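A.B. asks: The structure is given below, and queries will be raised subsequently.
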Amino acid sequence: MVGYPGQDSDVPKTLLESLHSQPLNYLVPKGILSSCITSQISISLPISNNAYESLSAEAKEELDRDSILDSFSKINDIEEIQFRRPDHLKIRSDSKQDMNNNNREFFDDLSPLAKSLIERENLSITTNQIQNFSVKSVNGLKHKLDVDDDISAIFEGSTEVKRAKISTNISLNQGEILQQNIRELKMMIDILNSTSEGNTENNEYLIKLSSETFLLNEKYLSKLHIIIKNFLGSSNISSKLEINDLRRIIESLIDNIETVKQLQGEEELPLPYDTLKKLAYETTTLIFLIFQLDKNTNGLYIEKYVLVPVQFIGDRIFDINSNDESGQISLDELSLLSDAIVHLPDYIVQHPYLDESIITKITYIFSELVMCDNFDVANIKYQHYWENIKLSSINILVALFRTVPDQRIFIIEDILSHVDKLPSKRIQKKLKRIYAGVYLNEFTILIMTMLQSLQQESFNRTDKEWSPQFFKESLVSYKESSISISTYIEHIHDTLLEKLYENPPGYRHVLDNYVQDLVSILPFPCWSISEDLLSSLMKKLLLMFGPNNQKQATIETIALQILGNIGYTIFDLKCSTKEEDQNSLIRIFNNPELLPLYIAHFHNCLDTAKLYSNTDIGTNYFWNKMIHTLTRLQEYGQDNDNDNKDEDTNPIIPEVVLKELNDKNNHLFQNKEYSKEFSKSDYYSILHSFELMNFYDLYLKLVVSLLERDKIKLRSTAIKCLSMLASRDQSILSSSAVKETIVGRLSDSSASVKDAILDLVSIGSASLTFYRQINYNYDDESILVRKHVLKINESIYDTTDDIKIKIYVASRVLLKIEDEEDAIIDMSRQILLKRWILDISNKKHEIEKQNEICKEVLQVISEVSIFNTKCSELFEWFFNFYLLNKADHSPNAYQNIIDSLNILTEHLVHEIVELQLIDSDNDELVKRRKNYLNLLSKFSDTTVTFITKDHITSLYPYVFNETKSDFQFHVLCVFKDTLGKLDNFKPKFLFDLETALLSQLPKMSVKETEEAMPLIWSIAQKRKDYSRVAKACSSCFGHFIPFVNKANKSPEEITPDSKLQRLIYLATGFARFCNSKDITERINYLQANETLYEYVAKCLLVLSNKKITHIVRRVAIKNLTKLCSSHPKLFNSKHILSLLDNEIKDDHLDIKLVIIESFYDFFIQEEKKSLRQIGVNRSTSKLKFGSKFLIEKGSDSLSEGVCSALASRFLKDVLKICLSKEVKNSLVAFRLLKSMIQFGYVNPSHCIPTIIGLFGSNEEYIRQIAAKSLHDLFEKYETMVFNSVSQGIKIAIEYSQSLGNEDLFDNCKFLSSLQHIIGSGKKVSMRFIKNLIKALNTYIGSINHANTDIATRNAIVFLCCNIAELNFTSSTELITLIKSIDIISEQLRETIVDEITGSISKMQLEEPFKNCIFAEFSIHQLTEYVGDKFGIKSDILLMDSTEEEDLKSKIILTPKENTKEYVSIIKKALISANKKTFYTKYLKIIEDEA
């Protein structure tokens, strides 16, 4: 071939590499360069002989130099080339002589022709040709319109010249090139032949290692590589090459590889080992290139030719995997490896009949290479080459899988044996990018590509016209391929699932990542095999939850999570597809007019598949699948029409299919312009005709059914699956089945299940539908659940516009300001503070918005403050001890609170006045006005004054309303609480107000009187004039004293006069609130140094005489107790205490309740004083309502002592009244009992048995409040509660009997309710069982000589019926209970047998003896019932400890469903117990067993 300057050296390569990234105008300005090449230059060189022959030296000398020089001389008037001086180049001050010397040295290596040209032309560069070009900063340009000059002006001196093309007259014939390549190949073979003959000296193509050993060097391999590449670009080259020549080359190449392998590990190497490896890699690449020259025959197929390079690649891959962590891999080696294996897939496809050992070797090497995950470098080039290597490895395995059918299972199994090496986390850099945002594991890509490669030809043939017969043959071929693919898919999934069963933690990530890959690639039609894979896997996972396929809870949970991912994807596809585009096969079959649109979707998807696929594998698979789908329409019709199986039910479909097949090539890329979203919608529509979409309904039914399973993890996972669906479309929660299940699960005992359900119902606006069910768990035992409910309530409050829902959720939030967890207390406080207070201050510049917020807040808090008794208490606590506590807020925050409350008060008063002016009977308005008045009274009863004089003035006209309502009462409350805190009232206003109050006093109700009296006294104090109050008081006594005198002399003559009752209330009111020397000195009825309240107390004692009529006595005692509450010193009076002792023990229950209610008011009043005193001066972050604190000694300490003394004195009587038959009486007494326990006035141990006894009540409400109280006590005093269980059970039984419950089975859930509160935990369950046995033994111990009364018998039967309903958390509890009951039964039987004398049939059976027999019968039946219920057949008493432990391990604590109810057994026995035969038969059984 023709030589060129720098041939056989690195000079050209070095120049090219140095200028690779530099533009040409770096040396020559662009404009001047263009002018240089404007004129086209034609060069014609005379070529003698063949252009590719190497010219001899003589031929070169004879070359006509003059002709070349003459051709150059024809170029006229070429402008001087202008050169730009680089900025960083400095001019050296060398002398001219030095420069000439340098030039001569530079020209020494030039060819004679080049030297001739230089000598002929003056090529020196003048200074005029070198210019300094200033480059303007492009970054400085703000906008192209901002530049005035042309953009070419960036470089000074440049001119705008169009680019010109350069062409030559040289043309080369392809045949000549081919012949030249063949001659070159012959030359390369000749080199090998001469080498084999021993001519290795001075050979530039060899690396001599010894006299007989050599290596082909890189120069030889490079030349050979160029020749082979040229051959591969020519057609029919194999017929022009001799196989022996190719074999000769391959054998030499094989020797090259083996020689390199032999040199590995030697200490002294002729070349660096990296160079040797490079030679081996290049040799391997050449071998696989040469293999491709033999396409039609197997002339080059010799096992050694393939095995040696493959073995070398395997060794190198092993070394790479071993050394990658130490950073010993070179970038060159990865590049060489990538080049070496890239041609192997083509060889496998051309030569499918490989030896089994070679197939095995290739599979082992490249499956491990694809699956390995231990190569992790940050260098981008490394990653690029590694990705290419993995891609080539995938192509190799795909080629093997496709061309070697009998090795497919082996290939799959070998790949699956490495799945544990897959990355455990989806790190993007370890995944293969398929499309934008779609990254997959190479494992998934390999599996999908292998399977899709098997379905390429069925309907993809264009070599002949499609006829019905040809189509049928292709259809058979398609079905056979599909069966094979399905078999491989089943094998893959079975293997993966088996690995999961064996080691769930180790293989969970494999399935997770595999499924995530499949669902990520599902929307792309060129990977339509993903739908088949997901369908198969989903079917297997659904069957896993069948009744005959029970797995471990961990495995089922993992399977359900995977199903959740697939199910969500299906649901997302359904939601993303318009209803009219959901083209299932049934829909298309029933509506043939939809078929053209369906096919149009198919065409668009086919275009998308071609556009997004680098190969035809995915497109061909999708094409075949779609043609088969169209065919299924016809098959579907035949399946549904048995009478016409041989006829086409829709003759259009076969014609359409054939038309599609014949026009396939015309379909592709008909629509060039379409969006990616549009193509996805087309494929979504088609997906509805595939199998995967049909699994959605089964999946949803499974998820709903799993919500009822006993396994907590499974329930939690099922809820999360449902949450995923609801997050896509929350309308799914509105279905009846789902809704009922959600409601049921919200009462689940598991905190994790509740939390998952709460996540579900908080999606979107679903929480508004389930807000009541959500708040079933507002007081859950789990802190996590309580916090979750609180957050949901906060969200509901912010999102809903329904004021009723706001009120409800706000009340639940308010209840959590009293919680055992400080974080929840703070959280609830902050929620209410922001929405009720801070939102108002934040809108101070938006008046209209602020008014709306105030109106809403007033409606909410007015309802919440009276929602129930607890909410009322906590609202006052929140208002007085948090909002108004400076210690809990920063100064700015506290000021914002005060400002907001002032604004709220202003709006509140305005709303009240407006509502009062409206003359309407509307119940809603009346209720709102009442609520607002109640709220205003709470605002007024605070330590900070929010009611102003203007508010008082606004409300003054309504102090005395002619209509009887609560309005006057609440206004009086506001005036009473506020007037004493405000100053500077006008004297006339105070005088008029006092006059009005005194004049209306006799007409007021009892409630109004209690509010008016302190208000009157406050006005008198402000006026500093007590004369009018004293006069009114004297007037009252003037009417009252005659009645007292009469009662003292003739108590029988006192009648229930309404005037007397009013006078009693008025006199008591003056005595309670108007106690001052200023007034007592003006009342003539008082003795010296006698206080007003002492005098009135004496009068009331007189009116409490038992001879006086009952109504008057009750009113007198009630007022006396209230008077003592206002002046606690009176409780020290022996006369008053004696009266209270007698009345509380008397039979007059109404008077007892009056006293109890007065005590309750007194206790609440005193506790409120103590709390308020502490709340004002101390932080309340840790305080709870009703707690006791140490306060300063003084009057408060005295009141507290009085409260404790009263509680202790009357506790027994209160406990007795709690167990009253009347519900109302029980509630009154229980309310007082709760307050005494809450405030610490009594020891709880004295009260707990009675509280447990209330569980025996017939009233559900009584049982509920008792359960709540017991729960609170159990949290504080666990041991105390357990010590009281036995006594409490006894009281409950007696209480139940006292209510007249002749039916012993009305309250069979008593013990199970008690167990739920105090016996459900693992730590306390055994203590509960032991106390239960203790209670039963108490009754058994009262049996004397097998005789007992009917009450004891009924108590034992009652206990047995309740025990039968218990649940058990462990086998130990169950065994302990059965064993204890069995012992009791045996002991009782022995007692009964001892009493049997003579013949049983002739015995005289007394009732006490019968009662004992029936009691034993009940206990024995209980033992058998519980044993049968839980499958215990053995005699526990005869077991040793080992047998007992073995039995515990076998017990299943799930009761049998077909067990006959114990209550039914006892009811039937009670009926039979009326006859003597029942007892004689049972005695006979006992005697025989004894």
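Simple scheme: letters A, B, ... for chains in structure tokens order, numbers from 1 for residues in each chain, numbers from 1 for ligands in the order shown.
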Please identify all polymer residues within 10 Å of Leu440 (chain A), counting only C-alpha atoms, omitting same-chain residues fewer than 5 positions from it, and present them as a compact mmCIF listing (two decimals) with all heavy atoms, in the first residue's frame.

C.D. replies:
# COMPACT_ATOMS: atom_id res chain seq x y z
N ARG A 426 -32.46 -0.49 45.73
CA ARG A 426 -32.59 0.03 44.36
C ARG A 426 -31.79 1.33 44.23
O ARG A 426 -32.36 2.44 44.27
CB ARG A 426 -34.05 0.25 44.00
CG ARG A 426 -34.82 -1.03 43.84
CD ARG A 426 -36.22 -0.78 43.32
NE ARG A 426 -36.23 -0.29 41.96
CZ ARG A 426 -36.16 -1.04 40.88
NH1 ARG A 426 -36.05 -2.36 41.00
NH2 ARG A 426 -36.19 -0.51 39.67
N GLN A 428 -29.77 3.78 41.97
CA GLN A 428 -29.92 4.06 40.55
C GLN A 428 -28.66 3.74 39.76
O GLN A 428 -28.74 3.23 38.64
CB GLN A 428 -30.31 5.53 40.36
CG GLN A 428 -30.84 5.83 38.97
CD GLN A 428 -31.33 7.25 38.86
OE1 GLN A 428 -30.60 8.13 38.45
NE2 GLN A 428 -32.57 7.49 39.25
N LYS A 430 -26.69 1.41 40.12
CA LYS A 430 -26.53 -0.02 39.95
C LYS A 430 -27.61 -0.61 39.04
O LYS A 430 -27.68 -1.82 38.86
CB LYS A 430 -26.55 -0.74 41.30
CG LYS A 430 -25.36 -0.41 42.19
CD LYS A 430 -25.34 -1.28 43.42
CE LYS A 430 -24.09 -0.99 44.26
NZ LYS A 430 -24.01 -1.85 45.45
N LEU A 431 -28.45 0.25 38.49
CA LEU A 431 -29.53 -0.20 37.62
C LEU A 431 -29.24 0.26 36.19
O LEU A 431 -28.47 1.19 35.95
CB LEU A 431 -30.87 0.37 38.09
CG LEU A 431 -31.30 0.02 39.52
CD1 LEU A 431 -32.59 0.72 39.88
CD2 LEU A 431 -31.45 -1.49 39.70
N LYS A 432 -29.90 -0.37 35.26
CA LYS A 432 -29.73 -0.06 33.85
C LYS A 432 -30.85 0.89 33.43
O LYS A 432 -32.03 0.61 33.62
CB LYS A 432 -29.79 -1.34 33.01
CG LYS A 432 -29.75 -1.13 31.52
CD LYS A 432 -28.40 -0.67 31.04
CE LYS A 432 -28.36 -0.57 29.52
NZ LYS A 432 -27.09 -0.01 29.04
N ARG A 433 -30.46 2.02 32.85
CA ARG A 433 -31.45 2.98 32.37
C ARG A 433 -32.05 2.47 31.07
O ARG A 433 -31.35 2.24 30.09
CB ARG A 433 -30.82 4.35 32.16
CG ARG A 433 -31.82 5.43 31.74
CD ARG A 433 -31.10 6.75 31.49
NE ARG A 433 -32.03 7.81 31.16
CZ ARG A 433 -32.48 8.07 29.95
NH1 ARG A 433 -32.09 7.29 28.94
NH2 ARG A 433 -33.32 9.07 29.73
N ILE A 434 -33.38 2.33 31.06
CA ILE A 434 -34.08 1.87 29.86
C ILE A 434 -34.69 3.06 29.13
O ILE A 434 -34.47 3.27 27.95
CB ILE A 434 -35.18 0.85 30.23
CG1 ILE A 434 -34.57 -0.29 31.05
CG2 ILE A 434 -35.84 0.30 28.97
CD1 ILE A 434 -33.48 -1.06 30.33
N TYR A 435 -35.48 3.83 29.87
CA TYR A 435 -36.06 5.07 29.36
C TYR A 435 -35.89 6.13 30.42
O TYR A 435 -35.38 5.88 31.50
CB TYR A 435 -37.55 4.89 29.02
CG TYR A 435 -37.85 3.72 28.14
CD1 TYR A 435 -38.63 2.66 28.59
CD2 TYR A 435 -37.35 3.66 26.84
CE1 TYR A 435 -38.91 1.58 27.77
CE2 TYR A 435 -37.61 2.57 26.02
CZ TYR A 435 -38.39 1.54 26.50
OH TYR A 435 -38.64 0.47 25.70
N ILE A 445 -33.97 -7.57 33.00
CA ILE A 445 -33.80 -7.35 31.57
C ILE A 445 -33.44 -8.67 30.87
O ILE A 445 -33.98 -9.00 29.81
CB ILE A 445 -32.70 -6.30 31.33
CG1 ILE A 445 -33.11 -4.95 31.92
CG2 ILE A 445 -32.40 -6.17 29.84
CD1 ILE A 445 -32.01 -3.91 31.89
N ASN A 513 -37.48 -6.25 44.12
CA ASN A 513 -36.87 -5.55 42.99
C ASN A 513 -37.35 -6.09 41.66
O ASN A 513 -37.53 -5.34 40.70
CB ASN A 513 -35.34 -5.64 43.08
CG ASN A 513 -34.78 -4.84 44.23
OD1 ASN A 513 -35.33 -3.81 44.61
ND2 ASN A 513 -33.69 -5.30 44.82
N TYR A 514 -37.55 -7.39 41.61
CA TYR A 514 -38.03 -8.02 40.37
C TYR A 514 -39.42 -7.50 40.01
O TYR A 514 -39.66 -7.09 38.87
CB TYR A 514 -38.04 -9.54 40.58
CG TYR A 514 -38.67 -10.34 39.47
CD1 TYR A 514 -38.09 -10.40 38.21
CD2 TYR A 514 -39.83 -11.06 39.69
CE1 TYR A 514 -38.66 -11.15 37.20
CE2 TYR A 514 -40.40 -11.82 38.68
CZ TYR A 514 -39.82 -11.86 37.43
OH TYR A 514 -40.39 -12.61 36.43
N GLN A 516 -40.80 -4.74 41.13
CA GLN A 516 -40.72 -3.30 40.86
C GLN A 516 -40.23 -3.04 39.44
O GLN A 516 -40.71 -2.11 38.77
CB GLN A 516 -39.77 -2.63 41.87
CG GLN A 516 -39.71 -1.12 41.76
CD GLN A 516 -41.06 -0.48 41.95
OE1 GLN A 516 -41.80 -0.81 42.87
NE2 GLN A 516 -41.39 0.46 41.08
N ASP A 517 -39.30 -3.85 38.97
CA ASP A 517 -38.86 -3.74 37.58
C ASP A 517 -40.02 -3.99 36.62
O ASP A 517 -40.21 -3.24 35.65
CB ASP A 517 -37.74 -4.74 37.31
CG ASP A 517 -36.43 -4.34 37.98
OD1 ASP A 517 -36.29 -3.16 38.34
OD2 ASP A 517 -35.56 -5.20 38.15
N LEU A 518 -40.78 -5.03 36.89
CA LEU A 518 -41.86 -5.41 35.98
C LEU A 518 -42.96 -4.34 35.93
O LEU A 518 -43.46 -4.01 34.86
CB LEU A 518 -42.45 -6.76 36.39
CG LEU A 518 -41.52 -7.98 36.26
CD1 LEU A 518 -42.24 -9.23 36.73
CD2 LEU A 518 -41.05 -8.14 34.82
N SER A 520 -42.57 -1.23 36.59
CA SER A 520 -42.01 -0.01 36.00
C SER A 520 -42.02 -0.07 34.48
O SER A 520 -42.24 0.95 33.82
CB SER A 520 -40.58 0.22 36.51
OG SER A 520 -40.54 0.37 37.90
N ILE A 521 -41.78 -1.25 33.94
CA ILE A 521 -41.67 -1.39 32.49
C ILE A 521 -43.01 -1.79 31.86
O ILE A 521 -43.14 -1.83 30.62
CB ILE A 521 -40.58 -2.44 32.15
CG1 ILE A 521 -40.00 -2.19 30.76
CG2 ILE A 521 -41.13 -3.86 32.28
CD1 ILE A 521 -39.22 -0.91 30.65

A.B. asks: Excluding Lys390 (chain A) and any residue of its chain fewer than 5 positions from it, enumerate the residues within 9 Å of it, using only C-alpha atoms, and give them as an MDAnalysis selection string.

C.D. replies: chainID A and resid 338 366 369:371 385 395 442

A.B. asks: Those residues with C-alpha atoms, as a PDB file, in the first residue's frame please?

C.D. replies:
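Contents of again.pdb, as written:
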ATOM      1  CA  SER A 338     -15.900  -5.138  26.165  1.00  0.00           C
ATOM      2  CA  PHE A 366     -21.641 -14.688  31.715  1.00  0.00           C
ATOM      3  CA  LEU A 369     -21.054 -11.559  35.170  1.00  0.00           C
ATOM      4  CA  VAL A 370     -24.601 -10.281  34.666  1.00  0.00           C
ATOM      5  CA  MET A 371     -25.691 -11.010  38.217  1.00  0.00           C
ATOM      6  CA  TYR A 385     -17.466   0.050  29.936  1.00  0.00           C
ATOM      7  CA  ASN A 395     -26.836 -10.712  24.515  1.00  0.00           C
ATOM      8  CA  GLU A 442     -29.929  -6.556  34.544  1.00  0.00           C
TER       9      GLU A 442
END

A.B. asks: Give me the residues within 10 Å of Ala751 (chain A) as a list in words, counting only C-alpha atoms and dropping any in the same chain fewer than 4 places off.

C.D. replies: Ile712, Ser716, Leu746, Ser747, Asp755, Ala756, Ile757, Asn777, Asp780, Glu781, Ser782, Ile783, Leu784, Val785 and Arg786 of chain A

A.B. asks: Nearest to Asp616 (chain A): which of A:Ser872, A:Asn1344, A:Thr449, A:Thr800 is it, counting only C-alpha atoms?

C.D. replies: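 Among the listed residues, A:Thr449 lies closest to Asp616 (chain A).
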
A.B. asks: Rounded to one decimal, what separation in Å do you get between CA of Phe1210 (chain A) and CA of Asp1141 (chain A)?

C.D. replies: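 If I compute the distance from CA of Phe1210 (chain A) to CA of Asp1141 (chain A), I get 8.0 Å.
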
A.B. asks: Can you list every residue in region 171-393 of chain A that DSSP puts in strand (DSSP E or B), as a PyMOL selection string?

C.D. replies: chain A and resi 206-208+214-216

A.B. asks: What would the file look like if the residues just selected were written as a short mmCIF file (atom, residue, chain, number, x, y, z; two decimals), in the first residue's frame with N, CA and C atoms?

C.D. replies:
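See again_35.cif below for the written result:
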data_model
loop_
_atom_site.label_atom_id
_atom_site.label_comp_id
_atom_site.auth_asym_id
_atom_site.auth_seq_id
_atom_site.Cartn_x
_atom_site.Cartn_y
_atom_site.Cartn_z
N LEU A 206 6.72 -9.83 15.31
CA LEU A 206 6.82 -10.88 16.32
C LEU A 206 7.52 -10.37 17.57
N ILE A 207 7.17 -11.02 18.67
CA ILE A 207 7.87 -10.83 19.93
C ILE A 207 8.50 -12.18 20.27
N LYS A 208 9.78 -12.27 20.12
CA LYS A 208 10.45 -13.55 20.32
C LYS A 208 10.69 -13.79 21.80
N PHE A 214 7.19 -17.56 20.34
CA PHE A 214 7.06 -16.16 19.98
C PHE A 214 5.59 -15.74 20.16
N LEU A 215 5.42 -14.46 20.14
CA LEU A 215 4.08 -13.86 20.21
C LEU A 215 3.88 -12.94 19.03
N LEU A 216 2.64 -12.95 18.51
CA LEU A 216 2.28 -11.95 17.50
C LEU A 216 2.09 -10.62 18.20
#

A.B. asks: For Glu1406 (chain A), which of A:Ile1019, A:Leu446, A:Ile1350, A:Val308 is the closest residue, counting only C-alpha atoms?

C.D. replies: A:Ile1350
